[in-house]
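Comments concern the structure below.
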Protein chains: 4
Amino acid sequence: MQEQSDSKPHNAMMPEDTPELRALYAAFEEQHLMPLWTQLGDLMPRHPKPKAVAHVWKWADLLPLAQMAGDLVPVGRGGERRALGLANPGLGGNAYISPTLWAAIQYLGPRETAPEHRHAQNAFRFVVEGEGVWTVVNGDPVRMSRGDLLLTPGWHFHGHHNDTDKPMAWIDGLDIPFCQQMDVGFFEFGSDRVTDYATPKFSRGERLWCHPGLRPLSGLRDTVNTPIGAYRWEYTDRALTEQLLLEEEGQPATVEQGHAAIRYVNPTTGGDVMPTIRCEFHRLREGTETPVRREVGSTIFQVFDGKGAVVLDGVTHTLNIGDMFVIPSWIPWSLQAESQLDLFRFSDAPIMERLAFMRSHVETDAP
Amino acid sequence: MQEQSDSKPHNAMMPEDTPELRALYAAFEEQHLMPLWTQLGDLMPRHPKPKAVAHVWKWADLLPLAQMAGDLVPVGRGGERRALGLANPGLGGNAYISPTLWAAIQYLGPRETAPEHRHAQNAFRFVVEGEGVWTVVNGDPVRMSRGDLLLTPGWHFHGHHNDTDKPMAWIDGLDIPFCQQMDVGFFEFGSDRVTDYATPKFSRGERLWCHPGLRPLSGLRDTVNTPIGAYRWEYTDRALTEQLLLEEEGQPATVEQGHAAIRYVNPTTGGDVMPTIRCEFHRLREGTETPVRREVGSTIFQVFDGKGAVVLDGVTHTLNIGDMFVIPSWIPWSLQAESQLDLFRFSDAPIMERLAFMRSHVETDAP
Amino acid sequence: MQEQSDSKPHNAMMPEDTPELRALYAAFEEQHLMPLWTQLGDLMPRHPKPKAVAHVWKWADLLPLAQMAGDLVPVGRGGERRALGLANPGLGGNAYISPTLWAAIQYLGPRETAPEHRHAQNAFRFVVEGEGVWTVVNGDPVRMSRGDLLLTPGWHFHGHHNDTDKPMAWIDGLDIPFCQQMDVGFFEFGSDRVTDYATPKFSRGERLWCHPGLRPLSGLRDTVNTPIGAYRWEYTDRALTEQLLLEEEGQPATVEQGHAAIRYVNPTTGGDVMPTIRCEFHRLREGTETPVRREVGSTIFQVFDGKGAVVLDGVTHTLNIGDMFVIPSWIPWSLQAESQLDLFRFSDAPIMERLAFMRSHVETDAP
Amino acid sequence: MQEQSDSKPHNAMMPEDTPELRALYAAFEEQHLMPLWTQLGDLMPRHPKPKAVAHVWKWADLLPLAQMAGDLVPVGRGGERRALGLANPGLGGNAYISPTLWAAIQYLGPRETAPEHRHAQNAFRFVVEGEGVWTVVNGDPVRMSRGDLLLTPGWHFHGHHNDTDKPMAWIDGLDIPFCQQMDVGFFEFGSDRVTDYATPKFSRGERLWCHPGLRPLSGLRDTVNTPIGAYRWEYTDRALTEQLLLEEEGQPATVEQGHAAIRYVNPTTGGDVMPTIRCEFHRLREGTETPVRREVGSTIFQVFDGKGAVVLDGVTHTLNIGDMFVIPSWIPWSLQAESQLDLFRFSDAPIMERLAFMRSHVETDAP
């Protein structure tokens, strides 16, 4: 799709400011009406002009604040979670990282329990470091370890408990802003403790579903959300390693030269893990620079390992482990890998694709 | 789905107000972080609590104001359309009738032309009275007459011209608020005049596609949007008439006793006409009262014919021809038909269904 | 897909004929085993080599024989139908017009009734001339008139009765051969008379479903088979007429120059009317010659109106009203229209497409 | 679905045998017509009455004959494969194990190569014992080892080579009979040797796709056939083991008490591995007896491990490792596990489901 010029034609619909016109506009207001012609440019821009801005949060800032919250704020029923939402500076004091997505760092102290609840909002957790917490999803205890993606789709009861004497932090991703703006949210409190304090290495969902290409006959009905509660780092790492090896062997396997990537999918359909949130993991070879991209919808990355940089709307930001950044709709971006660079990514792409709004643009030659 | 009680448990996460806590909260703000525990209730309500309110606009108010605008405001390039958006009183001065939808009354004077443009936003027009305007969609002139539904799906060029010496008004429905909040909008200007001033009785899309159960072999690829540009009143009226006759013959045909309804669909899939907007037409027999319903998502009705009332959140509003009302998410509503009551309906249900957020509740016995 | 050469390489697997080999082959037979290497060419040809042959049946032969059967053979329970199956000369005495399809001429005398039954096999009727019979499908009486396509999908009870003092003949199409070879057939007798002798102009299915682009809210669940029991000639004729008019106006509308065509579809999905049988209607302008085509699967045509010819595997056959011909898999064919030529077509294409075996080839220039 | 009674009503359509009738029947024959009323019962049975019979082949008979073929018959171009097709005794001398499926034991001697070719027919191999052969599918070498399922979907080039000094045997499954009867077969010779003699432990398809729940971004387009060339025993065994462990823990995981099972699926869709063939693996706990089932379509089992019996149409057959048996459409069957019993299964169920002919019946209590 080719960019629209921003040269706006003269507005033929600007009538002379007369008492009659003022009276008319006053009558509009009284009747809860607003003219299109005075605000078309804002309502219908040439291309997405998000209020949200591109922004980077440094793990070195996030983690200490989460730890302090751990010291000062108890976790429990009512507030439910010790989570710090990343608030996009452009979104005027809402805890939204983008118009659709919520991202937070959550912190659970030694032996603490975050009580159970369920909500229409879809949620996942990703673990950049640490271990020792189990999240219990509809009664199935799921271990949380470094590099794992854990899912709690809409209306699944879930709570967390820390089985160790060390605190643990991770990131949460949800579609809270989308649900709030669309008025689709439902919420229900569950048990004040988690319903099962067992600490198995693998959840029942994994034991039933995590066998490549094999589907249990007891699970032949397709599901809206993935039945897999945990996508383990071991598999993600192996998949990316193989893609880069295949590339070296001259085989088609990577997205583009030096860029391996997987999407976490629902094994019953091959589609996204949840209806509103796409989760992916990307690995760049040392020295790789991706082309400049623009995409409809908003996306968030967290650096899992390595050093590099992201160029957001022309500004370069260096990246270290744990750093998070948001790319609003249609903002140009590219990645640079100083070392091998591993990044977890999530976005609202399923919303854009299911509603046929997705567009993307790749700059084929750098300036 | 059973309603949640609103009794909130005591919030265990309200720490004492100490200097340390204040310092922590200040640090959050500096780092663009917001705690979940202080705002959970607003972010994740027990059930949808829309800011948008149920509201009724009377045609007797809308039409005269549109006519006055016709006298005072020229139509042309820049403002593009002489359209008055219905602004939901709960949505703080935005021209949104709901968080997802735009509804407006558009007015075109004798011999006037509204210039061509295209946008990612999906649009339709419905004609409650009058005739004489043709809308030209991707070069195909489409007659607009009473009771017709006219479609201009996303990224289709379209303009309108009035071929008569009489003005004409109709309603527009679009997904402007959704597109603005989701940052998915693209817009492009087209010809300053419409590209074809022909005034055929039927558009080429109708001639190719409006033959029940027949698909042209030249159109075997399924399309995201319906290829039908105009759904004619003659067919809608006949379909509803037959449903009520079949009901009288004791045959299953209506939604519920005395309530006939059709959905306008994309003949290539049998699904909704556009990815974000559902369009339906409902007819109630004289004396019919519908049960009280709650549904996720927002819906708008316009009375096409007859007299009756709508009960919105317990408040009864009488209805006459042309009156429009909006029902925000999860607000209870029911209809009452004083005479045979015909209503055009549109909603954002396809968004809710495609993203698996749809829920509905019907009160089986009145309190 | 490019044609395979038929030059077969020398067979390296022809061992010397020794007593040991004979003993081995005997042992194979005793153990119900057969070697692949001795029969590969027959089991796996370079391209489809159907046993079925292209063949034309003249209406001038069919109709008189059906009439004689009407004089000599009563219709009733047990034999169920006075139907004459067109037996492909290549299929060794089975009443199969192709390996998948059955085609027959059925004849019902004045005031006769063909009793009700149901079967897993999918069926339709097409009326090349006459009127006066109603087919009762799951209790819904469906008028049969010239040019109409009538459907009785699998496991729908159906019977016929002639409401007049004149006999009537029509053609039946079913997937009997496919069902017999695949062992999927079930059959159940119903009422010895039809369950409803009413003779309405339109069936209930038509009254509910035959409104272009409109779907009853009482019928939102997609169905395997079309809910439309009768596709009327009036609509088919109009659709084809419009396609040719649009072509004259320089608009894309026809399959190819001078060739208009529609497919009968299931309005709940936009797909074929039944899972195994595709039904279409084709109209060629006077003087039109279609390119030579090959397609996987078998297809049958009946001339509905006009004069012309079909070239089957290089042999030209003249065509008149009512004439039927079958084109087995991968046999080259083309049509020639001496006058405007109307043809009804049915085929097993849905089987080939759903199982991913479909291939087709169009000769772009004659040798 | 309730069984139909077989009491046939008197046939009202048996006219007196007169000269006129004989003349009519003669005229039918001359015109390639056949009356329905004389053969309805055979064409449309009350329920499937397959010509194919239930039959058991003992591995102890199959393997020695394959070995003898290895001594007497060279493998090479022309015959292509040293494969012995299991010929259903009811199907009159065709090498069909059922009306849709082909099953064979294939044998490859030390250092032998089976040349490359491709065909529209879909194929798989399953290894009940041995190792050392690599099958090269579209240039990707795939190791064949005990318990592995190897796929060569339609129109993929494939050849085999034995990299060892020991012979190897395995079973092939194809849809040859279906393709032959439907006239959909295409065949093309490829390289006389395999195109790649490498012997990697894992094929490129496995390295790209066999990571549970992870999809490569380079493979986002859904495919008709699974992109996985090899389903390894290690994963199958683990999946079944976990199901039985979960059952012991009181969790829903198995098909029925004591009966674990997985389906091999296409990870891009979650559906069957190929459009016409379903592959599954079943494990019964020692002592388990399954209820008596009838299903539309034909299915074949091979015992992979353990001892037990199958009851086919009321007749009990004991089972040992490698034994194969076929169950034609609607024939009642049940399994009995003397020890833990492992069985590989394949069937034509995708055909029956995609064409909406599938029916099944489980006897809830034995007579």
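Residues are named by chain letter and number: chains run A, B, ... in the order of the structure tokens, numbers start at 1 in each chain, and ligands are numbered from 1 in the order shown.
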Near chain C, meaning an atom within 9 Å, which residues of chain B appear when counting only C-alpha atoms? Write them as a PyMOL selection string. chain B and resi 204+207-220+222+226+228+231+235-236+238-240+242-243+246+251-256+260-271+273+280
From region 179-289 of chain B, collect each residue whose DSSP state is strand (DSSP E) and return the set as a count of residues only. 21
If we count only C-alpha atoms, what is near Val296 (chain A) at a cut-off of 8 Å, once residues fewer than 3 positions away on the same chain are taken out, given as a ChimeraX atom specification?
/A:48,329-330,349,352,357-360 /B:183-184
Take the residues just selected and output them with N, CA and C atoms as a PDB file, in the first residue's frame.
ATOM      1  N   PRO A  48      -2.786   5.821   9.820  1.00  0.00           N
ATOM      2  CA  PRO A  48      -2.914   5.834  11.288  1.00  0.00           C
ATOM      3  C   PRO A  48      -2.003   6.892  11.911  1.00  0.00           C
ATOM      4  N   SER A 329       0.708   1.670  15.994  1.00  0.00           N
ATOM      5  CA  SER A 329       0.303   1.390  14.621  1.00  0.00           C
ATOM      6  C   SER A 329       1.013   2.290  13.620  1.00  0.00           C
ATOM      7  N   TRP A 330       1.574   1.662  12.590  1.00  0.00           N
ATOM      8  CA  TRP A 330       2.134   2.332  11.403  1.00  0.00           C
ATOM      9  C   TRP A 330       3.421   3.134  11.685  1.00  0.00           C
ATOM     10  N   ALA A 349      -2.221  -8.314  16.456  1.00  0.00           N
ATOM     11  CA  ALA A 349      -2.419  -8.670  15.042  1.00  0.00           C
ATOM     12  C   ALA A 349      -3.663  -9.540  14.785  1.00  0.00           C
ATOM     13  N   MET A 352      -6.532  -7.306  14.084  1.00  0.00           N
ATOM     14  CA  MET A 352      -6.437  -6.626  12.783  1.00  0.00           C
ATOM     15  C   MET A 352      -6.721  -7.596  11.641  1.00  0.00           C
ATOM     16  N   PHE A 357      -8.338  -5.441   8.809  1.00  0.00           N
ATOM     17  CA  PHE A 357      -7.694  -4.126   8.802  1.00  0.00           C
ATOM     18  C   PHE A 357      -6.177  -4.207   8.634  1.00  0.00           C
ATOM     19  N   MET A 358      -5.635  -5.427   8.599  1.00  0.00           N
ATOM     20  CA  MET A 358      -4.178  -5.546   8.573  1.00  0.00           C
ATOM     21  C   MET A 358      -3.605  -4.989   7.268  1.00  0.00           C
ATOM     22  N   ARG A 359      -2.572  -4.196   7.397  1.00  0.00           N
ATOM     23  CA  ARG A 359      -1.739  -3.767   6.280  1.00  0.00           C
ATOM     24  C   ARG A 359      -0.324  -3.731   6.797  1.00  0.00           C
ATOM     25  N   SER A 360       0.634  -3.959   5.922  1.00  0.00           N
ATOM     26  CA  SER A 360       2.020  -3.784   6.337  1.00  0.00           C
ATOM     27  C   SER A 360       2.827  -3.273   5.151  1.00  0.00           C
TER      28      SER A 360
ATOM     29  N   ASP B 183      -6.434   2.759  15.655  1.00  0.00           N
ATOM     30  CA  ASP B 183      -5.384   3.274  14.751  1.00  0.00           C
ATOM     31  C   ASP B 183      -5.236   2.422  13.489  1.00  0.00           C
ATOM     32  N   VAL B 184      -6.356   2.190  12.817  1.00  0.00           N
ATOM     33  CA  VAL B 184      -6.309   1.392  11.587  1.00  0.00           C
ATOM     34  C   VAL B 184      -6.748   2.195  10.358  1.00  0.00           C
TER      35      VAL B 184
END
All residues 10 Å or closer to Asp305 (chain C), only C-alpha atoms, same chain fewer than 3 positions away omitted, as a VMD selection string:
chain C and resid 128 147 283 302 308 319 to 323 339 to 344
Point to revise | Test item: residues at most 7 Å from region 331-337 of chain D, only C-alpha atoms, excluding those fewer than 3 positions along its chain, as a count of residues only | key: 22
Worksheet item: Using only C-alpha atoms, which residues sit within 8 Å of Gly159 (chain C) once same-chain residues fewer than 2 positions away are excluded, as a list of chain:residue names?
Response: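 Near neighbours after the sequence-gap exclusion: C:Thr113, C:Ala114, C:Pro115, C:Glu116, C:His117, C:Thr135, C:Val136, C:Val137, C:Phe157, C:His161, C:Arg193, C:Val194.
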Please produce an output containing N, CA, C and O atoms for each residue in the selection, written as an mmCIF file, in the first residue's frame.
data_model
loop_
_atom_site.group_PDB
_atom_site.id
_atom_site.type_symbol
_atom_site.label_atom_id
_atom_site.label_comp_id
_atom_site.auth_asym_id
_atom_site.auth_seq_id
_atom_site.Cartn_x
_atom_site.Cartn_y
_atom_site.Cartn_z
ATOM 1 N N THR C 113 -48.609 -41.425 -7.740
ATOM 2 C CA THR C 113 -47.781 -41.041 -6.608
ATOM 3 C C THR C 113 -46.583 -41.984 -6.519
ATOM 4 O O THR C 113 -46.741 -43.205 -6.607
ATOM 5 N N ALA C 114 -45.396 -41.405 -6.389
ATOM 6 C CA ALA C 114 -44.210 -42.210 -6.069
ATOM 7 C C ALA C 114 -44.019 -42.108 -4.555
ATOM 8 O O ALA C 114 -43.932 -40.998 -4.023
ATOM 9 N N PRO C 115 -44.008 -43.268 -3.855
ATOM 10 C CA PRO C 115 -44.061 -43.252 -2.382
ATOM 11 C C PRO C 115 -42.828 -42.594 -1.759
ATOM 12 O O PRO C 115 -41.789 -42.449 -2.404
ATOM 13 N N GLU C 116 -42.949 -42.245 -0.473
ATOM 14 C CA GLU C 116 -41.846 -41.562 0.210
ATOM 15 C C GLU C 116 -40.790 -42.531 0.712
ATOM 16 O O GLU C 116 -41.076 -43.657 1.108
ATOM 17 N N HIS C 117 -39.543 -42.100 0.654
ATOM 18 C CA HIS C 117 -38.430 -42.827 1.269
ATOM 19 C C HIS C 117 -37.293 -41.828 1.500
ATOM 20 O O HIS C 117 -37.391 -40.671 1.095
ATOM 21 N N THR C 135 -42.933 -32.474 -5.683
ATOM 22 C CA THR C 135 -42.125 -33.392 -4.892
ATOM 23 C C THR C 135 -42.188 -32.912 -3.446
ATOM 24 O O THR C 135 -42.062 -31.702 -3.187
ATOM 25 N N VAL C 136 -42.448 -33.833 -2.535
ATOM 26 C CA VAL C 136 -42.645 -33.462 -1.131
ATOM 27 C C VAL C 136 -41.380 -33.864 -0.356
ATOM 28 O O VAL C 136 -41.083 -35.055 -0.212
ATOM 29 N N VAL C 137 -40.617 -32.862 0.091
ATOM 30 C CA VAL C 137 -39.313 -33.108 0.712
ATOM 31 C C VAL C 137 -39.388 -32.765 2.203
ATOM 32 O O VAL C 137 -39.646 -31.608 2.553
ATOM 33 N N PHE C 157 -36.589 -37.256 3.629
ATOM 34 C CA PHE C 157 -37.712 -38.023 3.080
ATOM 35 C C PHE C 157 -38.264 -37.295 1.856
ATOM 36 O O PHE C 157 -38.315 -36.061 1.832
ATOM 37 N N HIS C 161 -45.894 -36.630 -6.471
ATOM 38 C CA HIS C 161 -47.229 -36.962 -6.971
ATOM 39 C C HIS C 161 -47.576 -36.048 -8.131
ATOM 40 O O HIS C 161 -47.209 -34.867 -8.155
ATOM 41 N N ARG C 193 -47.874 -43.037 0.630
ATOM 42 C CA ARG C 193 -48.382 -41.889 -0.107
ATOM 43 C C ARG C 193 -47.493 -40.713 0.273
ATOM 44 O O ARG C 193 -46.687 -40.828 1.194
ATOM 45 N N VAL C 194 -47.591 -39.585 -0.416
ATOM 46 C CA VAL C 194 -46.848 -38.434 0.076
ATOM 47 C C VAL C 194 -47.584 -37.853 1.276
ATOM 48 O O VAL C 194 -48.805 -38.020 1.402
#
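Here CA of Tyr107 (chain A) stands at a distance of 18.1 Å from CA of Glu20 (chain B).
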| query | Thr38 (chain A): which residues within 9 Å, counting only C-alpha atoms, same-chain residues fewer than 4 positions away excluded, as a list of chain:residue names? | reply | A:Met13, A:Met14, A:Met34, B:Gly79
For Pro50 (chain C), which residue among C:Asp172, C:Pro89, C:Gln257, C:Val133 is the nearest when counting only C-alpha atoms?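 The answer is C:Pro89, which sits nearest to Pro50 (chain C).
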Pairwise distance for CA of Gly76 (chain B) and CA of Leu174 (chain B), rounded to one decimal in Å: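 Going from CA of Gly76 (chain B) over to CA of Leu174 (chain B) covers 19.8 Å.
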Judged by only C-alpha atoms, the minimum distance to Gly93 (chain A) among B:Val56, B:Leu151, B:Leu33, B:Ala120 is found for B:Leu33
Atom pair CA of Arg345 (chain C) + CA of Ser98 (chain C), distance 14.1 Å
Query - Expected answer as a PyMOL selection string: alpha helix (DSSP H) residues in region 12-111 of chain D - result: chain D and resi 19-30+40-43+59-72
